[in-house]
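J.: Following this line is model-v1.cif, made up of mmCIF, C-alpha atoms and all ligand atoms:
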```cif
data_my_file
loop_
_atom_site.label_atom_id
_atom_site.label_comp_id
_atom_site.auth_asym_id
_atom_site.auth_seq_id
_atom_site.Cartn_x
_atom_site.Cartn_y
_atom_site.Cartn_z
CA MET A 1 0.00 0.00 0.00
CA PRO A 2 1.26 3.49 -0.75
CA ASN A 3 3.06 5.61 1.74
CA THR A 4 2.63 3.75 5.00
CA GLY A 5 4.94 4.71 7.80
CA ALA A 6 6.85 7.92 8.41
CA GLU A 7 8.45 8.29 4.96
CA GLY A 8 7.02 9.75 1.76
CA VAL A 9 4.83 12.66 0.76
CA SER A 10 2.99 12.83 4.05
CA GLY A 11 6.04 14.46 5.68
CA ASP A 12 5.42 14.95 9.38
CA ALA A 13 1.72 14.07 9.27
CA LEU A 14 0.52 11.77 12.03
CA GLN A 15 0.22 8.29 10.51
CA VAL A 16 -3.03 6.60 11.53
CA ALA A 17 -4.38 3.12 10.80
CA VAL A 18 -8.16 3.03 10.42
CA GLY A 19 -10.26 -0.12 10.03
CA VAL A 20 -13.54 -0.88 8.32
CA VAL A 21 -15.00 -3.84 10.23
CA ARG A 22 -18.13 -5.51 8.84
CA ASP A 23 -20.70 -7.85 10.35
CA ALA A 24 -22.46 -10.74 8.62
CA ALA A 25 -25.15 -8.33 7.34
CA ASP A 26 -22.41 -6.23 5.69
CA ARG A 27 -22.94 -3.32 8.09
CA VAL A 28 -19.84 -1.38 9.18
CA LEU A 29 -18.76 -0.66 12.73
CA ILE A 30 -18.41 2.90 14.00
CA ALA A 31 -17.45 4.18 17.45
CA GLN A 32 -17.96 7.51 19.14
CA ARG A 33 -14.84 9.46 20.15
CA ALA A 34 -14.78 10.62 23.78
CA PRO A 35 -15.51 14.36 24.12
CA ALA A 36 -12.04 15.31 25.39
CA ARG A 37 -10.11 13.68 22.52
CA HIS A 38 -9.01 15.19 19.19
CA GLN A 39 -12.21 15.55 17.09
CA GLY A 40 -14.11 14.43 20.23
CA GLY A 41 -17.83 13.69 19.99
CA TYR A 42 -17.63 12.67 16.34
CA TRP A 43 -18.09 9.09 15.22
CA GLU A 44 -15.08 7.28 13.75
CA PHE A 45 -13.91 4.03 12.29
CA PRO A 46 -11.87 2.29 14.99
CA GLY A 47 -8.09 2.54 14.82
CA GLY A 48 -5.22 4.66 16.03
CA LYS A 49 -1.71 5.98 15.61
CA ILE A 50 0.90 3.89 13.81
CA GLU A 51 4.02 3.41 15.97
CA PRO A 52 7.42 3.90 14.25
CA ASN A 53 8.16 0.17 13.88
CA GLU A 54 4.69 -0.81 12.67
CA THR A 55 2.98 -1.23 9.31
CA ALA A 56 -0.58 0.06 8.90
CA GLU A 57 -1.82 -3.54 9.17
CA SER A 58 0.14 -4.39 12.33
CA ALA A 59 -0.91 -1.11 13.97
CA LEU A 60 -4.54 -1.78 13.10
CA THR A 61 -4.30 -5.31 14.47
CA ARG A 62 -2.96 -3.92 17.77
CA GLU A 63 -5.51 -1.06 17.94
CA LEU A 64 -8.53 -3.28 17.20
CA ALA A 65 -7.39 -5.75 19.88
CA GLU A 66 -7.09 -2.87 22.37
CA GLU A 67 -10.24 -0.98 21.43
CA LEU A 68 -12.61 -3.80 20.40
CA GLY A 69 -11.09 -7.08 21.60
CA ILE A 70 -11.04 -8.65 18.13
CA THR A 71 -8.19 -10.38 16.28
CA VAL A 72 -7.66 -9.16 12.73
CA GLN A 73 -6.89 -12.01 10.31
CA ALA A 74 -6.81 -10.31 6.89
CA THR A 75 -7.02 -6.78 5.51
CA ARG A 76 -7.10 -4.97 2.18
CA PRO A 77 -6.29 -1.29 1.54
CA LEU A 78 -9.36 0.89 0.88
CA ILE A 79 -8.02 4.46 0.68
CA CYS A 80 -5.36 6.77 2.13
CA VAL A 81 -6.51 10.20 3.25
CA PRO A 82 -4.13 13.11 3.91
CA HIS A 83 -5.91 15.83 5.91
CA ASP A 84 -4.91 19.03 7.67
CA TYR A 85 -7.07 19.88 10.71
CA GLY A 86 -5.14 23.08 11.37
CA ASP A 87 -4.01 21.87 14.81
CA ARG A 88 -2.79 18.54 13.39
CA ARG A 89 -2.02 16.92 10.03
CA VAL A 90 -3.08 13.30 9.71
CA TYR A 91 -2.54 10.61 7.09
CA LEU A 92 -5.26 7.99 7.45
CA ASN A 93 -4.34 4.54 6.10
CA VAL A 94 -7.76 2.97 5.79
CA LEU A 95 -7.93 -0.84 5.59
CA GLU A 96 -10.94 -3.05 5.09
CA VAL A 97 -10.87 -5.89 7.60
CA LEU A 98 -11.72 -8.94 5.48
CA ASP A 99 -11.58 -11.47 8.30
CA TYR A 100 -11.43 -11.34 12.11
CA THR A 101 -12.21 -13.46 15.15
CA GLY A 102 -14.03 -12.36 18.29
CA VAL A 103 -17.04 -10.13 18.81
CA PRO A 104 -16.37 -6.37 18.78
CA ALA A 105 -17.04 -4.65 22.13
CA GLY A 106 -16.35 -1.10 23.29
CA LEU A 107 -13.41 -1.92 25.60
CA GLU A 108 -12.69 1.79 26.17
CA GLU A 109 -16.37 2.46 27.03
CA GLN A 110 -16.85 4.01 23.58
CA PRO A 111 -20.39 3.69 22.19
CA LEU A 112 -20.53 1.41 19.11
CA ARG A 113 -22.97 1.20 16.21
CA TRP A 114 -23.37 -0.95 13.11
CA LEU A 115 -24.62 0.92 10.04
CA THR A 116 -25.11 0.13 6.36
CA THR A 117 -22.72 2.15 4.20
CA ASP A 118 -25.71 4.09 2.75
CA ALA A 119 -26.56 5.32 6.24
CA LEU A 120 -23.10 6.80 6.95
CA ASP A 121 -23.53 10.58 7.26
CA PRO A 122 -20.28 12.54 6.77
CA ALA A 123 -21.54 15.29 9.11
CA ALA A 124 -21.30 12.86 12.06
CA PHE A 125 -17.58 12.17 11.40
CA PRO A 126 -14.32 14.19 11.41
CA ALA A 127 -13.80 16.04 8.11
CA ALA A 128 -11.17 13.57 6.84
CA ASN A 129 -13.77 10.82 6.92
CA ARG A 130 -15.79 12.25 4.04
CA ALA A 131 -13.38 10.54 1.61
CA ILE A 132 -13.61 7.24 3.51
CA ILE A 133 -17.41 7.32 3.32
CA SER A 134 -17.28 8.13 -0.42
CA ALA A 135 -14.92 5.19 -0.93
CA LEU A 136 -17.28 2.87 0.95
CA GLN A 137 -20.23 4.02 -1.15
CA LEU A 138 -18.46 3.73 -4.52
CA PRO A 139 -18.10 0.43 -6.41
CA LEU A 140 -14.92 -1.13 -7.84
CA HIS A 141 -15.97 -0.36 -11.41
CA TYR A 142 -16.94 2.92 -13.05
CA VAL A 143 -18.41 2.25 -16.49
CA ILE A 144 -18.07 5.02 -19.06
CA SER A 145 -20.53 4.70 -21.92
CA PRO A 146 -19.36 4.61 -25.52
CA ASP A 147 -20.68 7.35 -27.78
CA CYS A 148 -24.02 6.63 -29.44
CA THR A 149 -24.87 6.34 -33.10
CA ASP A 150 -27.54 3.67 -32.69
CA PRO A 151 -29.69 4.16 -29.55
CA SER A 152 -31.12 0.64 -29.45
CA ALA A 153 -27.66 -0.96 -29.71
CA TRP A 154 -26.38 1.52 -27.11
CA LEU A 155 -29.23 0.63 -24.70
CA ALA A 156 -28.58 -3.07 -25.21
CA GLY A 157 -24.96 -2.47 -24.17
CA LEU A 158 -26.09 -0.60 -21.06
CA GLN A 159 -28.53 -3.38 -20.21
CA ALA A 160 -25.77 -6.00 -20.46
CA ALA A 161 -23.51 -3.96 -18.17
CA LEU A 162 -26.31 -3.58 -15.59
CA GLN A 163 -27.05 -7.29 -15.76
CA ARG A 164 -23.37 -8.03 -15.12
CA GLY A 165 -23.69 -6.05 -11.89
CA GLU A 166 -22.25 -2.65 -12.83
CA ARG A 167 -23.63 0.03 -10.47
CA LEU A 168 -21.99 3.31 -11.45
CA ILE A 169 -22.41 4.49 -15.03
CA GLN A 170 -21.28 7.62 -16.83
CA PHE A 171 -23.47 8.85 -19.70
CA ARG A 172 -20.92 10.11 -22.22
CA VAL A 173 -22.84 10.69 -25.43
CA ARG A 174 -21.68 13.46 -27.73
CA ALA A 175 -22.94 12.31 -31.15
CA LEU A 176 -26.59 13.05 -30.28
CA ALA A 177 -28.07 16.42 -29.38
CA GLY A 178 -31.28 18.03 -28.16
CA SER A 179 -34.28 15.85 -27.41
CA ASP A 180 -32.63 12.68 -28.88
CA ARG A 181 -29.86 13.01 -26.33
CA SER A 182 -32.09 13.84 -23.36
CA ALA A 183 -34.52 11.02 -24.24
CA LEU A 184 -31.65 8.52 -24.33
CA ALA A 185 -30.32 9.82 -21.00
CA ALA A 186 -33.77 9.55 -19.41
CA GLU A 187 -34.17 5.97 -20.64
CA ALA A 188 -30.65 5.13 -19.42
CA LEU A 189 -31.53 6.52 -15.98
CA ARG A 190 -34.75 4.49 -15.86
CA ARG A 191 -32.79 1.30 -16.58
CA CYS A 192 -30.08 2.20 -14.08
CA HIS A 193 -32.66 2.71 -11.34
CA ALA A 194 -34.32 -0.61 -12.14
CA HIS A 195 -30.96 -2.20 -11.17
CA GLY A 196 -30.10 0.06 -8.22
CA ALA A 197 -27.34 1.73 -10.26
CA ARG A 198 -26.37 5.39 -10.32
CA LEU A 199 -25.98 7.50 -13.47
CA LEU A 200 -23.69 10.52 -13.84
CA ILE A 201 -23.99 12.78 -16.87
CA ASN A 202 -20.74 13.79 -18.54
CA GLY A 203 -20.30 17.53 -18.74
CA ASP A 204 -23.96 18.54 -18.54
CA ALA A 205 -25.34 19.57 -15.16
CA ALA A 206 -28.53 20.92 -16.74
CA LEU A 207 -29.34 17.57 -18.33
CA ALA A 208 -28.51 15.74 -15.10
CA ARG A 209 -30.88 18.00 -13.17
CA SER A 210 -33.69 17.85 -15.75
CA ILE A 211 -33.86 14.04 -15.78
CA GLY A 212 -33.04 13.60 -12.05
CA ALA A 213 -29.73 11.74 -12.52
CA GLU A 214 -27.57 11.21 -9.40
CA GLY A 215 -24.93 13.64 -10.54
CA VAL A 216 -22.39 14.94 -12.99
CA HIS A 217 -19.03 13.82 -14.32
CA TRP A 218 -17.04 17.03 -14.90
CA THR A 219 -14.46 17.23 -17.67
CA ALA A 220 -10.93 18.43 -16.85
CA ALA A 221 -11.70 21.69 -18.69
CA GLN A 222 -14.88 22.25 -16.67
CA LEU A 223 -13.01 21.77 -13.38
CA GLN A 224 -11.04 24.94 -14.20
CA GLN A 225 -14.28 26.99 -14.36
CA LEU A 226 -16.35 25.43 -11.56
CA SER A 227 -17.30 26.79 -8.15
CA ARG A 228 -17.94 24.80 -4.99
CA GLN A 229 -21.61 25.82 -5.34
CA ASP A 230 -21.81 24.20 -8.78
CA VAL A 231 -20.41 21.01 -7.29
CA LEU A 232 -22.76 21.04 -4.30
CA ALA A 233 -25.77 21.60 -6.56
CA ALA A 234 -24.79 18.71 -8.85
CA GLY A 235 -25.32 15.86 -6.36
CA VAL A 236 -22.63 13.21 -6.82
CA SER A 237 -19.62 14.72 -8.63
CA GLY A 238 -16.83 12.87 -10.39
CA GLY A 239 -14.10 14.56 -12.42
CA SER A 240 -11.45 13.77 -15.01
CA CYS A 241 -7.87 14.46 -13.93
CA HIS A 242 -4.46 14.04 -15.55
CA SER A 243 -2.06 15.68 -13.08
CA PRO A 244 -1.50 16.32 -9.37
CA ALA A 245 -2.70 19.92 -9.90
CA GLU A 246 -6.01 18.71 -11.35
CA LEU A 247 -6.43 16.20 -8.49
CA ALA A 248 -5.80 18.99 -5.96
CA LEU A 249 -8.34 21.19 -7.73
CA ALA A 250 -10.95 18.40 -7.76
CA GLU A 251 -10.39 17.88 -4.04
CA SER A 252 -10.64 21.59 -3.19
CA LEU A 253 -13.87 21.87 -5.21
CA GLY A 254 -15.42 19.13 -3.06
CA LEU A 255 -15.82 16.41 -5.70
CA ASP A 256 -16.72 12.94 -4.48
CA PHE A 257 -14.15 11.16 -6.62
CA ALA A 258 -11.73 11.56 -9.49
CA VAL A 259 -10.66 9.52 -12.50
CA LEU A 260 -6.93 9.65 -13.26
CA SER A 261 -5.69 8.79 -16.74
CA PRO A 262 -4.10 7.39 -18.79
CA VAL A 263 -2.61 4.64 -16.63
CA ALA A 264 -1.71 2.50 -19.64
CA ALA A 265 -1.77 3.10 -23.40
CA THR A 266 -5.24 3.23 -24.97
CA ARG A 267 -6.57 3.25 -28.50
CA SER A 268 -8.95 6.11 -27.69
CA HIS A 269 -6.08 8.51 -26.76
CA PRO A 270 -2.97 7.28 -28.64
CA GLU A 271 -1.23 10.67 -28.25
CA ALA A 272 -1.24 10.66 -24.42
CA THR A 273 1.83 9.37 -22.52
CA PRO A 274 0.81 6.63 -20.05
CA LEU A 275 1.46 7.30 -16.36
CA GLY A 276 2.27 3.72 -15.38
CA TRP A 277 1.38 2.35 -11.95
CA GLY A 278 4.38 3.99 -10.24
CA GLN A 279 3.38 7.56 -11.15
CA PHE A 280 -0.28 6.74 -10.55
CA THR A 281 0.45 5.41 -7.05
CA GLN A 282 2.52 8.45 -6.15
CA TRP A 283 -0.09 10.97 -7.29
CA VAL A 284 -3.00 9.11 -5.70
CA SER A 285 -1.14 8.95 -2.36
CA GLU A 286 -1.19 12.77 -2.26
CA THR A 287 -4.95 13.23 -2.66
CA ALA A 288 -7.75 12.44 -0.24
CA LEU A 289 -10.20 11.67 -3.05
CA PRO A 290 -11.11 8.16 -4.12
CA VAL A 291 -9.52 7.78 -7.58
CA TYR A 292 -10.43 5.40 -10.39
CA ALA A 293 -7.65 4.23 -12.72
CA LEU A 294 -8.52 4.83 -16.39
CA GLY A 295 -6.71 4.03 -19.62
CA GLY A 296 -6.09 0.51 -20.86
CA MET A 297 -7.89 -1.01 -17.85
CA ARG A 298 -9.84 -4.26 -17.92
CA PRO A 299 -12.59 -5.02 -15.37
CA ASP A 300 -10.34 -7.64 -13.72
CA ASP A 301 -7.59 -5.08 -13.09
CA TRP A 302 -9.40 -3.73 -10.02
CA ASP A 303 -7.23 -5.61 -7.51
CA GLN A 304 -4.02 -4.30 -9.09
CA ALA A 305 -5.60 -0.82 -9.03
CA ARG A 306 -6.51 -1.21 -5.35
CA ALA A 307 -2.93 -2.21 -4.55
CA ALA A 308 -1.86 1.04 -6.25
CA GLY A 309 -4.16 3.05 -3.96
CA ALA A 310 -7.10 3.34 -6.37
CA GLN A 311 -10.80 2.99 -5.65
CA GLY A 312 -11.05 0.72 -8.66
CA VAL A 313 -10.99 0.84 -12.45
CA ALA A 314 -12.90 2.86 -15.04
CA GLY A 315 -13.28 2.12 -18.71
CA ILE A 316 -15.35 2.01 -21.87
CA SER A 317 -14.31 -0.95 -23.98
CA GLY A 318 -14.64 -4.25 -22.17
CA PHE A 319 -16.85 -2.87 -19.40
N1 LIG B 401 -9.28 6.13 14.73
C1 LIG B 401 -9.67 7.09 13.89
N2 LIG B 401 -9.00 8.25 13.87
C2 LIG B 401 -9.42 9.20 13.01
C3 LIG B 401 -10.53 8.99 12.13
N3 LIG B 401 -10.72 10.11 11.40
C4 LIG B 401 -9.77 11.02 11.78
O1 LIG B 401 -9.62 12.13 11.32
N4 LIG B 401 -8.98 10.47 12.77
C5 LIG B 401 -7.88 11.15 13.43
O2 LIG B 401 -6.74 10.30 13.55
C6 LIG B 401 -5.99 10.63 14.70
C7 LIG B 401 -5.52 9.40 15.50
O3 LIG B 401 -6.53 8.55 15.91
P1 LIG B 401 -6.77 8.09 17.43
O4 LIG B 401 -7.09 9.25 18.27
O5 LIG B 401 -7.78 7.00 17.34
O6 LIG B 401 -5.39 7.50 17.92
P2 LIG B 401 -5.19 6.43 19.12
O7 LIG B 401 -6.25 5.39 19.07
O8 LIG B 401 -3.75 6.00 19.00
O9 LIG B 401 -5.55 7.28 20.39
P3 LIG B 401 -4.87 7.90 21.67
O10 LIG B 401 -4.63 9.33 21.30
O11 LIG B 401 -5.93 7.75 22.68
O12 LIG B 401 -3.62 7.13 21.95
C8 LIG B 401 -6.85 11.57 15.53
O13 LIG B 401 -6.32 12.88 15.37
C9 LIG B 401 -8.20 11.50 14.89
O14 LIG B 401 -8.87 12.73 14.99
C10 LIG B 401 -11.22 7.76 12.18
O15 LIG B 401 -12.20 7.48 11.46
N5 LIG B 401 -10.76 6.84 13.08
MG MG B 402 -8.19 5.13 18.42
#
```
What would you get if you wrote out this structure as structure tokens?
Ligand SMILES: Nc1nc2c([nH]c(=O)n2[C@@H]2O[C@H](COP(=O)(O)OP(=O)(O)OP(=O)(O)O)[C@@H](O)[C@H]2O)c(=O)[nH]1
Ligand SMILES: [Mg+2]
T.:
Amino acid sequence: MPNTGAEGVSGDALQVAVGVVRDAADRVLIAQRAPARHQGGYWEFPGGKIEPNETAESALTRELAEELGITVQATRPLICVPHDYGDRRVYLNVLEVLDYTGVPAGLEEQPLRWLTTDALDPAAFPAANRAIISALQLPLHYVISPDCTDPSAWLAGLQAALQRGERLIQFRVRALAGSDRSALAAEALRRCHAHGARLLINGDAALARSIGAEGVHWTAAQLQQLSRQDVLAAGVSGGSCHSPAELALAESLGLDFAVLSPVAATRSHPEATPLGWGQFTQWVSETALPVYALGGMRPDDWDQARAAGAQGVAGISGF
């Protein structure tokens, strides 16, 4: 996992290991921080400071034994979140606990709750946790639609993706205009909702609003012109990024996630120089946002993307 321990871009930030513990009903465990502690009163995911000789996983194993009385057996990185509280800079290394023994109990008298990920309200958590909650609510795949010349073939492709289990779709249709385009978007949204999937409209907040889509996918050019109000009004916001500066802008605008490309060479953008996983990992470690890897990705590449610090993979062909 990127940037665990005292080295790297996080500088002198306090390194913290944070765990997402699930029950058999797939609810996640949260605990309330005592009033006198840093960010006291807020709810948190259990965890604590990483000692100098520990990895994020070994620190989490120790903290969850101390705080909850459980034994962690297996973890997987979810997201890393750098955050500056003003009085303290933290770098949260968030791990999903895939397997544990024991029954979690509040051994430090902290109140505990189990919630579905949909029920997690960022306002109840420290500010850094907004990114963790976004990551928990976003799937491993982000499907970007191909352009549309034949609406019935296009809809059949969408239907196949939904039937395969895809749950986050970007409507990226530029070859149609006017009522043809809005009718296709409305039909796409209807089909998405029939499968519990969310639809983001590429570059067109007005269309998203008029059909009631979940949100907008902003182009890199649009990010340069946007305000935080535009982002708030859009619902769920994703954005296209190609550099650390664009990732920082997306984060400061309050987007929910970013897509960083191109990771590998692609036919759709032959002129662009691929980042490779090394550059990708470095840049992603510096942003709090969940980031999808785009460019030459296949659906099965999600675990390699996760290991590089990504939320998952995005793509058009093959998805
Ligand atoms: N455990 C945890 N810490 C978080 C979360 N979000 C967040 O910003 N933090 C910050 O991470 C820092 C370290 O966490 P901690 O206070 O649990 O550390 P710890 O268990 O070692 O506690 P201690 O200070 O009692 O020894 C705190 O500044 C806390 O505000 C979260 O979801 N879980
Ligand atoms: Mg703690």
J.: Could you list, as an NGL selection string, all the residues within 7 Å of ligand MG 402 (chain B), counting all atoms listed in the file?
T.: :A and (46-48 or 63)
J.: Work out how far atom CA of Ile79 of chain A is from atom C7 of ligand LIG 401 (chain B), in Å to one decimal.
T.: 15.8 Å
J.: Calculated over all atoms listed in the file, which of the candidates A:Val94, A:Ala36, A:Ala128, A:Cys80 has the smallest distance to ligand LIG 401 (chain B)?
T.: A:Ala128
J.: Could I get the residues of chain A with an atom no further than 8 Å from an atom of ligand LIG 401 (chain B), each paired with its nearest atom pair and that distance in Å to one decimal, using only C-alpha atoms and all ligand atoms, sorted by chain and residue number, as a tab-separated table?
T.:
```
residue	atom	partner	partner_atom	distance
A:Leu14	CA	B:LIG401	C6	7.1
A:Gln15	CA	B:LIG401	C7	7.7
A:Val16	CA	B:LIG401	C7	5.5
A:Ala17	CA	B:LIG401	N1	7.0
A:Val18	CA	B:LIG401	N5	5.3
A:Gly19	CA	B:LIG401	N5	7.6
A:Arg33	CA	B:LIG401	O4	8.0
A:Arg37	CA	B:LIG401	O4	6.8
A:His38	CA	B:LIG401	O14	4.9
A:Gln39	CA	B:LIG401	O14	4.8
A:Gly40	CA	B:LIG401	O14	7.6
A:Trp43	CA	B:LIG401	O15	7.2
A:Glu44	CA	B:LIG401	O15	3.7
A:Phe45	CA	B:LIG401	O15	3.9
A:Pro46	CA	B:LIG401	N1	4.6
A:Gly47	CA	B:LIG401	N1	3.8
A:Gly48	CA	B:LIG401	O7	3.3
A:Lys49	CA	B:LIG401	O8	4.0
A:Ile50	CA	B:LIG401	O8	7.3
A:Glu63	CA	B:LIG401	O7	6.6
A:Glu67	CA	B:LIG401	O7	7.9
A:His83	CA	B:LIG401	O1	7.5
A:Arg88	CA	B:LIG401	O13	7.0
A:Arg89	CA	B:LIG401	O13	8.0
A:Val90	CA	B:LIG401	O2	6.1
A:Tyr91	CA	B:LIG401	O2	7.7
A:Leu92	CA	B:LIG401	O2	6.7
A:Phe125	CA	B:LIG401	O15	7.1
A:Pro126	CA	B:LIG401	O1	5.1
A:Ala127	CA	B:LIG401	O1	6.6
A:Ala128	CA	B:LIG401	O1	5.0
A:Asn129	CA	B:LIG401	N3	5.5
```
J.: Store the residues picked out above, limited to C-alpha atoms, as a CSV table (one decimal), in the frame of the given file.
T.:
```
chain,number,residue,atom,x,y,z
A,14,LEU,CA,0.5,11.8,12.0
A,15,GLN,CA,0.2,8.3,10.5
A,16,VAL,CA,-3.0,6.6,11.5
A,17,ALA,CA,-4.4,3.1,10.8
A,18,VAL,CA,-8.2,3.0,10.4
A,19,GLY,CA,-10.3,-0.1,10.0
A,33,ARG,CA,-14.8,9.5,20.2
A,37,ARG,CA,-10.1,13.7,22.5
A,38,HIS,CA,-9.0,15.2,19.2
A,39,GLN,CA,-12.2,15.6,17.1
A,40,GLY,CA,-14.1,14.4,20.2
A,43,TRP,CA,-18.1,9.1,15.2
A,44,GLU,CA,-15.1,7.3,13.8
A,45,PHE,CA,-13.9,4.0,12.3
A,46,PRO,CA,-11.9,2.3,15.0
A,47,GLY,CA,-8.1,2.5,14.8
A,48,GLY,CA,-5.2,4.7,16.0
A,49,LYS,CA,-1.7,6.0,15.6
A,50,ILE,CA,0.9,3.9,13.8
A,63,GLU,CA,-5.5,-1.1,17.9
A,67,GLU,CA,-10.2,-1.0,21.4
A,83,HIS,CA,-5.9,15.8,5.9
A,88,ARG,CA,-2.8,18.5,13.4
A,89,ARG,CA,-2.0,16.9,10.0
A,90,VAL,CA,-3.1,13.3,9.7
A,91,TYR,CA,-2.5,10.6,7.1
A,92,LEU,CA,-5.3,8.0,7.4
A,125,PHE,CA,-17.6,12.2,11.4
A,126,PRO,CA,-14.3,14.2,11.4
A,127,ALA,CA,-13.8,16.0,8.1
A,128,ALA,CA,-11.2,13.6,6.8
A,129,ASN,CA,-13.8,10.8,6.9
```
J.: Give the answer as one residue: which of A:Trp114, A:Tyr85, A:Tyr142, A:Phe257 has the shortest atom-to-atom distance to Trp302 of chain A, using all atoms listed in the file?
T.: A:Tyr142
J.: Given all atoms listed in the file as the basis, pick out the residue of A:Gln279, A:Thr219, A:Thr287, A:Thr266 nearest to Ala308 of chain A.
T.: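 Looking only at the distances to Ala308 of chain A, the closest residue turns out to be A:Gln279.
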J.: Each residue of segment 38-151 of chain A with at least one atom at most 10 Å from segment 168-189 of chain A should appear once, together with its nearest atom pair and the corresponding distance in Å (one decimal); atoms considered: only C-alpha atoms; ordering: chain, then increasing residue number; output as CSV.
T.:
```
residue,atom,partner,partner_atom,distance
A:Leu138,CA,A:Leu168,CA,7.8
A:Pro139,CA,A:Leu168,CA,7.0
A:Leu140,CA,A:Leu168,CA,9.1
A:His141,CA,A:Leu168,CA,7.1
A:Tyr142,CA,A:Leu168,CA,5.3
A:Val143,CA,A:Ile169,CA,4.8
A:Ile144,CA,A:Gln170,CA,4.7
A:Ser145,CA,A:Arg172,CA,5.4
A:Pro146,CA,A:Arg172,CA,6.6
A:Asp147,CA,A:Val173,CA,4.6
A:Cys148,CA,A:Val173,CA,5.8
A:Thr149,CA,A:Ala175,CA,6.6
A:Asp150,CA,A:Leu176,CA,9.7
A:Pro151,CA,A:Leu184,CA,7.1
```
J.: Could you name the residues that touch Val28 of chain A at 6 Å or less, counting all atoms listed in the file, but leaving out those on the same chain fewer than 4 positions away, as number ranges by chain?
T.: A: 21-22, 114-115
J.: Report, in Å to a single decimal, how far apart atom CA of Ile30 of chain A and atom CA of Gly102 of chain A are.
T.: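 These atoms are spaced 16.4 Å apart.
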J.: Tell me, in Å to one decimal, how far atom CA of Gly309 of chain A is from atom CA of Ala293 of chain A.
T.: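 Taking atom CA of Gly309 of chain A as the start and atom CA of Ala293 of chain A as the end point, the length is 9.5 Å.
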J.: What's around Ala233 of chain A at 12 Å? Count only C-alpha atoms, leave out sequence neighbours fewer than 5 positions away in its own chain, and write the answer as a list of chain:residue names.
T.: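 My reading of the contact set: A:Ala205, A:Ala206, A:Ala208, A:Arg209, A:Glu214, A:Gly215, A:Val216, A:Leu226, A:Ser227, A:Arg228, A:Leu253, A:Gly254, A:Leu255.
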J.: Which residues are close to Gly278 of chain A, i.e. within 12 Å by all atoms listed in the file, leaving aside same-chain residues fewer than 2 positions away? Reply as an MDAnalysis selection string.
T.: chainID A and resid 1:2 263:264 274:276 280:285 304:305 307:309
J.: Applying 10 Å and only C-alpha atoms, which residues near segment 24-27 of chain A remain after dropping the ones on its own chain fewer than 4 positions away? List them as a PDB file with C-alpha atoms, keeping the file's coordinate frame.
T.:
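Dumped everything to out.pdb:
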```
ATOM      1  CA  VAL A  20     -13.540  -0.880   8.320  1.00  0.00           C
ATOM      2  CA  ARG A 113     -22.970   1.200  16.210  1.00  0.00           C
ATOM      3  CA  TRP A 114     -23.370  -0.950  13.110  1.00  0.00           C
ATOM      4  CA  LEU A 115     -24.620   0.920  10.040  1.00  0.00           C
ATOM      5  CA  THR A 116     -25.110   0.130   6.360  1.00  0.00           C
ATOM      6  CA  THR A 117     -22.720   2.150   4.200  1.00  0.00           C
ATOM      7  CA  ASP A 118     -25.710   4.090   2.750  1.00  0.00           C
ATOM      8  CA  ALA A 119     -26.560   5.320   6.240  1.00  0.00           C
TER       9      ALA A 119
END
```
J.: With all atoms listed in the file as the basis for distance, which of A:Ala34, A:Leu78, A:Ile70, A:Ala288 is at the shortest distance from Asp303 of chain A?
T.: A:Leu78
J.: Return the single residue from A:Ala123, A:Ala314, A:Leu98, A:Cys192 that is closest to Gln163 of chain A, with distances computed using only C-alpha atoms.
T.: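 Looking only at the distances to Gln163 of chain A, the closest residue turns out to be A:Cys192.
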J.: Around all of segment 297-308 of chain A's listed atoms, make the axis-aligned box with 3 Å on each side and tell me centre and edge lengths in Å to one decimal, as AutoDock Vina command-line options.
T.:
```
--center_x -7.2 --center_y -3.3 --center_z -11.2 --size_x 16.7 --size_y 14.7 --size_z 19.4
```
J.: Which residues are near Thr61 of chain A? Cut-off 7 Å, all atoms listed in the file, ignore same chain within fewer than 4 positions. Put them as a list in words.
T.: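 These residues fall inside the cut-off: Glu57, Ala65, Thr71 and Val72 of chain A.
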J.: Can you give me N, CA and C atoms for segment 313-319 of chain A, written as an mmCIF file, in the coordinates of the input?
T.:
```cif
data_model
loop_
_atom_site.group_PDB
_atom_site.id
_atom_site.type_symbol
_atom_site.label_atom_id
_atom_site.label_comp_id
_atom_site.auth_asym_id
_atom_site.auth_seq_id
_atom_site.Cartn_x
_atom_site.Cartn_y
_atom_site.Cartn_z
ATOM 1 N N VAL A 313 -11.329 0.548 -11.061
ATOM 2 C CA VAL A 313 -10.990 0.840 -12.450
ATOM 3 C C VAL A 313 -12.188 1.397 -13.214
ATOM 4 N N ALA A 314 -11.883 2.284 -14.166
ATOM 5 C CA ALA A 314 -12.900 2.860 -15.040
ATOM 6 C C ALA A 314 -12.551 2.507 -16.470
ATOM 7 N N GLY A 315 -13.585 2.413 -17.316
ATOM 8 C CA GLY A 315 -13.280 2.120 -18.710
ATOM 9 C C GLY A 315 -14.521 2.094 -19.578
ATOM 10 N N ILE A 316 -14.269 2.070 -20.881
ATOM 11 C CA ILE A 316 -15.350 2.010 -21.870
ATOM 12 C C ILE A 316 -15.356 0.619 -22.489
ATOM 13 N N SER A 317 -14.308 0.331 -23.284
ATOM 14 C CA SER A 317 -14.310 -0.950 -23.980
ATOM 15 C C SER A 317 -14.059 -2.062 -22.965
ATOM 16 N N GLY A 318 -14.826 -3.108 -23.081
ATOM 17 C CA GLY A 318 -14.640 -4.250 -22.170
ATOM 18 C C GLY A 318 -15.465 -4.149 -20.904
ATOM 19 N N PHE A 319 -16.104 -2.991 -20.666
ATOM 20 C CA PHE A 319 -16.850 -2.870 -19.400
ATOM 21 C C PHE A 319 -18.359 -3.041 -19.607
#
```
